[in-house]
Amino acid sequence: MKILIIEDEIDLANDIAQYLSNEQYVCEWVADCRSAMEKVYNYHYDCILLDLMLPGGDGMMILEELKKLNKQEGVIIISAKNALDDKIKGLKLGADDYLSKPFHLAELAARIESLIRRRQFDSNNIFSQNELSIDFNAKTVKVHERFVLLTKKEYNLLLFFIGNKNRVLSKGAIAEHLSGDFADMFDNHDFVYAHVKNLKRKLKEYNYGDYIKTIYGTGYKWEQ
């Protein structure tokens with residue numbers, strides 16, 4: 001899962017990124033309104049953490065732009081401003097949640113998980129498809145009631161597939177999801193093929209239903 005942190009407090013942004021990285025998220029960070037707009041225009045995220053008071057503008061401008069672009073990212077406002085009017089305006093503009101500073105990083109992570117479950121997995125803590133089950137809270141995967149040991153990237157890749165079931169995902173989209181900003185540094189997407197291959201191999205060892213389909217010349221698709 002990929003998170004965009006829009007926050008001009010460097011120490012706080014670093015703390016958030018480090019904590020969420022340990023929770024298996026890919027994190028990107030920008031500190032001003034212009035850079036945030038560039039990210040919003042060019043990339044997709046599972047969740048955006050948005051400070052309201054930013055150099056070069058404010059978070060409300062970014063919310064308005066997300067709405068104009070019909071972007072589907074979940075947004076959690078993180079702000080020292082605790083005025084009721086700001087909360088109401090932010091929620092009306094499309095924010096999903098509002099967390100006032102200071103906050104505990106564990107609570108932030110819990111809200112992100114809840115938001116992603118709500119938007120991508122119908123608020124369920126468990127995803128089940130025939131012989132396959134995923135416990136989002138425990139971050140465990142079972143096939144035929146046997147645990148499958150996945151790396152962080154393989155687990156994130158599996159959730160990305162399931163969260164976009166029946167949609168063809170290009171190798172570029174998968175590369176961006178797994179590596180964030182670093183995806184642009186690769187000359188090709190061989191690492192995507194390697195991660196997909198390893199994920200399919202591990203699931204097939206436990207006889208899962210082969211739901212990851214290769215769409216030749218395009219990418220991959222999870223069929224349900």
# chains A, B, ... in the order shown; residues from 1 in each chain; ligands from 1

call {"tool": "residues_around", "arguments": {"residues": "A:Lys153", "least_positions_apart": "4", "cutoff": "10 Å", "atoms": "only C-alpha atoms", "output": "PDB file with C-alpha atoms, in the first residue's frame"}}
result
ATOM      1  CA  MET A   1       0.000   0.000   0.000  1.00  0.00           C
ATOM      2  CA  GLN A  24       4.595  -2.431   5.411  1.00  0.00           C
ATOM      3  CA  TYR A  25       3.581   0.790   3.641  1.00  0.00           C
ATOM      4  CA  VAL A  26       5.521   2.489   0.845  1.00  0.00           C
ATOM      5  CA  LEU A 157       1.419  -6.807  -4.129  1.00  0.00           C
ATOM      6  CA  LEU A 158      -1.264  -9.332  -3.178  1.00  0.00           C
ATOM      7  CA  LEU A 159      -3.396  -6.608  -1.564  1.00  0.00           C
ATOM      8  CA  HIS A 177       2.888   0.944  -6.117  1.00  0.00           C
ATOM      9  CA  LEU A 178       5.771  -1.203  -4.878  1.00  0.00           C
ATOM     10  CA  SER A 179       8.583   1.331  -5.106  1.00  0.00           C
ATOM     11  CA  HIS A 195       7.858 -10.159  -7.528  1.00  0.00           C
ATOM     12  CA  VAL A 196       4.758 -11.408  -9.380  1.00  0.00           C
ATOM     13  CA  LEU A 199       4.075 -14.428  -5.302  1.00  0.00           C
TER      14      LEU A 199
END

call {"tool": "select_by_dssp", "arguments": {"residues": "stretch 70-196 of chain A", "states": "helix (DSSP H, G or I)", "output": "ChimeraX atom specification"}}
result
/A:84-92,105-120,152-163,171-185,190-196

call {"tool": "closest_residue", "arguments": {"among": "A:Asn14, A:Asn22, A:Asn70, A:Asn164", "to": "A:Tyr41", "atoms": "only C-alpha atoms"}}
result
A:Asn70

call {"tool": "residues_around", "arguments": {"residues": "A:Glu113", "least_positions_apart": "6", "cutoff": "12 Å", "atoms": "only C-alpha atoms", "output": "list in words"}}
result
Met1, Lys2, Ile3, Leu20, Glu23, Gln24, Tyr25, Asp46, Cys47, Gly74, Ile76, Ala106, Glu107, Arg119, Gln120, Phe121, Ser123, Asn124, Asn125, Asp135, Phe136, Asn137, Ala138 and Lys139 of chain A

call {"tool": "write_last_selection", "arguments": {"atoms": "N, CA and C atoms", "output": "compact mmCIF listing (two decimals), in the first residue's frame"}}
result
# COMPACT_ATOMS: atom_id res chain seq x y z
N MET A 1 0.84 -1.18 0.00
CA MET A 1 0.00 0.00 0.00
C MET A 1 0.89 1.26 0.00
N LYS A 2 0.48 2.26 -0.74
CA LYS A 2 1.33 3.44 -0.93
C LYS A 2 0.68 4.67 -0.31
N ILE A 3 1.47 5.40 0.47
CA ILE A 3 1.01 6.56 1.23
C ILE A 3 1.76 7.80 0.78
N LEU A 20 5.32 4.04 9.43
CA LEU A 20 4.47 3.38 8.44
C LEU A 20 5.26 2.40 7.56
N GLU A 23 5.30 -0.71 9.11
CA GLU A 23 3.98 -1.34 9.03
C GLU A 23 3.66 -1.81 7.60
N GLN A 24 4.69 -1.87 6.76
CA GLN A 24 4.60 -2.43 5.41
C GLN A 24 4.00 -1.48 4.37
N TYR A 25 4.04 -0.18 4.63
CA TYR A 25 3.58 0.79 3.64
C TYR A 25 4.78 1.37 2.88
N ASP A 46 -2.89 4.99 -2.13
CA ASP A 46 -3.97 4.36 -1.37
C ASP A 46 -4.50 5.30 -0.30
N CYS A 47 -3.62 6.16 0.21
CA CYS A 47 -4.04 7.11 1.24
C CYS A 47 -3.11 8.33 1.21
N GLY A 74 -7.96 7.87 -0.62
CA GLY A 74 -8.47 8.20 0.69
C GLY A 74 -7.61 9.31 1.29
N ILE A 76 -6.67 11.56 4.84
CA ILE A 76 -6.77 11.85 6.26
C ILE A 76 -6.07 13.18 6.51
N ALA A 106 0.56 5.12 16.39
CA ALA A 106 -0.24 3.89 16.35
C ALA A 106 -1.69 4.19 15.97
N GLU A 107 -2.22 5.31 16.49
CA GLU A 107 -3.59 5.68 16.13
C GLU A 107 -3.67 6.06 14.65
N ARG A 119 -12.54 1.46 2.07
CA ARG A 119 -12.63 1.87 0.67
C ARG A 119 -12.38 0.72 -0.29
N GLN A 120 -11.49 -0.18 0.06
CA GLN A 120 -11.10 -1.23 -0.89
C GLN A 120 -11.66 -2.61 -0.56
N PHE A 121 -11.99 -2.84 0.72
CA PHE A 121 -12.40 -4.18 1.11
C PHE A 121 -13.71 -4.18 1.89
N SER A 123 -14.86 -2.62 4.39
CA SER A 123 -14.72 -2.55 5.86
C SER A 123 -14.48 -3.91 6.52
N ASN A 124 -14.18 -4.92 5.74
CA ASN A 124 -13.96 -6.25 6.31
C ASN A 124 -12.53 -6.38 6.85
N ASN A 125 -12.39 -7.09 7.97
CA ASN A 125 -11.06 -7.40 8.50
C ASN A 125 -10.47 -8.64 7.87
N ASP A 135 -6.03 -12.04 6.66
CA ASP A 135 -6.39 -11.32 7.88
C ASP A 135 -5.63 -10.00 7.85
N PHE A 136 -6.36 -8.88 7.62
CA PHE A 136 -5.70 -7.59 7.46
C PHE A 136 -5.08 -7.10 8.76
N ASN A 137 -5.71 -7.41 9.89
CA ASN A 137 -5.16 -6.98 11.18
C ASN A 137 -3.87 -7.71 11.51
N ALA A 138 -3.88 -9.02 11.31
CA ALA A 138 -2.69 -9.82 11.62
C ALA A 138 -1.68 -9.82 10.48
N LYS A 139 -2.12 -9.36 9.29
CA LYS A 139 -1.27 -9.36 8.09
C LYS A 139 -0.78 -10.77 7.77

call {"tool": "closest_residue", "arguments": {"among": "A:Phe103, A:Ser114, A:Gln224, A:Met53", "to": "A:Gln129", "atoms": "only C-alpha atoms"}}
result
A:Gln224

call {"tool": "closest_residue", "arguments": {"among": "A:Ile5, A:Val168, A:Ile126, A:Ile10", "to": "A:Glu223", "atoms": "only C-alpha atoms"}}
result
A:Val168

call {"tool": "closest_residue", "arguments": {"among": "A:Leu91, A:Val30, A:Ala173, A:Gly209", "to": "A:Ala17", "atoms": "only C-alpha atoms"}}
result
A:Val30

call {"tool": "atom_distance", "arguments": {"atom1": "atom CA of A:Asn42", "atom2": "atom CA of A:Glu9"}}
result
23.5 Å

call {"tool": "atom_distance", "arguments": {"atom1": "atom CA of A:Arg201", "atom2": "atom CA of A:Tyr155"}}
result
13.3 Å

call {"tool": "residues_around", "arguments": {"residues": "A:Leu93", "least_positions_apart": "5", "cutoff": "8 Å", "atoms": "only C-alpha atoms", "output": "VMD selection string"}}
result
chain A and resid 60 63 to 64 67

call {"tool": "write_last_selection", "arguments": {"atoms": "N, CA and C atoms", "output": "compact mmCIF listing (two decimals), in the first residue's frame"}}
result
# COMPACT_ATOMS: atom_id res chain seq x y z
N MET A 60 -6.58 22.69 1.85
CA MET A 60 -7.90 22.77 1.24
C MET A 60 -7.80 22.88 -0.27
N LEU A 63 -7.32 19.40 -1.57
CA LEU A 63 -8.59 18.67 -1.54
C LEU A 63 -9.49 19.07 -2.70
N GLU A 64 -9.56 20.38 -2.97
CA GLU A 64 -10.38 20.85 -4.08
C GLU A 64 -9.88 20.30 -5.41
N LYS A 67 -10.81 16.67 -5.86
CA LYS A 67 -12.23 16.57 -6.22
C LYS A 67 -12.43 16.87 -7.70

call {"tool": "select_by_dssp", "arguments": {"residues": "stretch 2-221 of chain A", "states": "strand (DSSP E)", "output": "count of residues only"}}
result
52

call {"tool": "atom_distance", "arguments": {"atom1": "atom CA of A:Cys27", "atom2": "atom CA of A:Ala13"}}
result
10.1 Å

call {"tool": "residues_around", "arguments": {"residues": "stretch 54-58 of chain A", "least_positions_apart": "3", "cutoff": "10 Å", "atoms": "only C-alpha atoms", "output": "ChimeraX atom specification"}}
result
/A:6-9,31-36,50-51,61-63
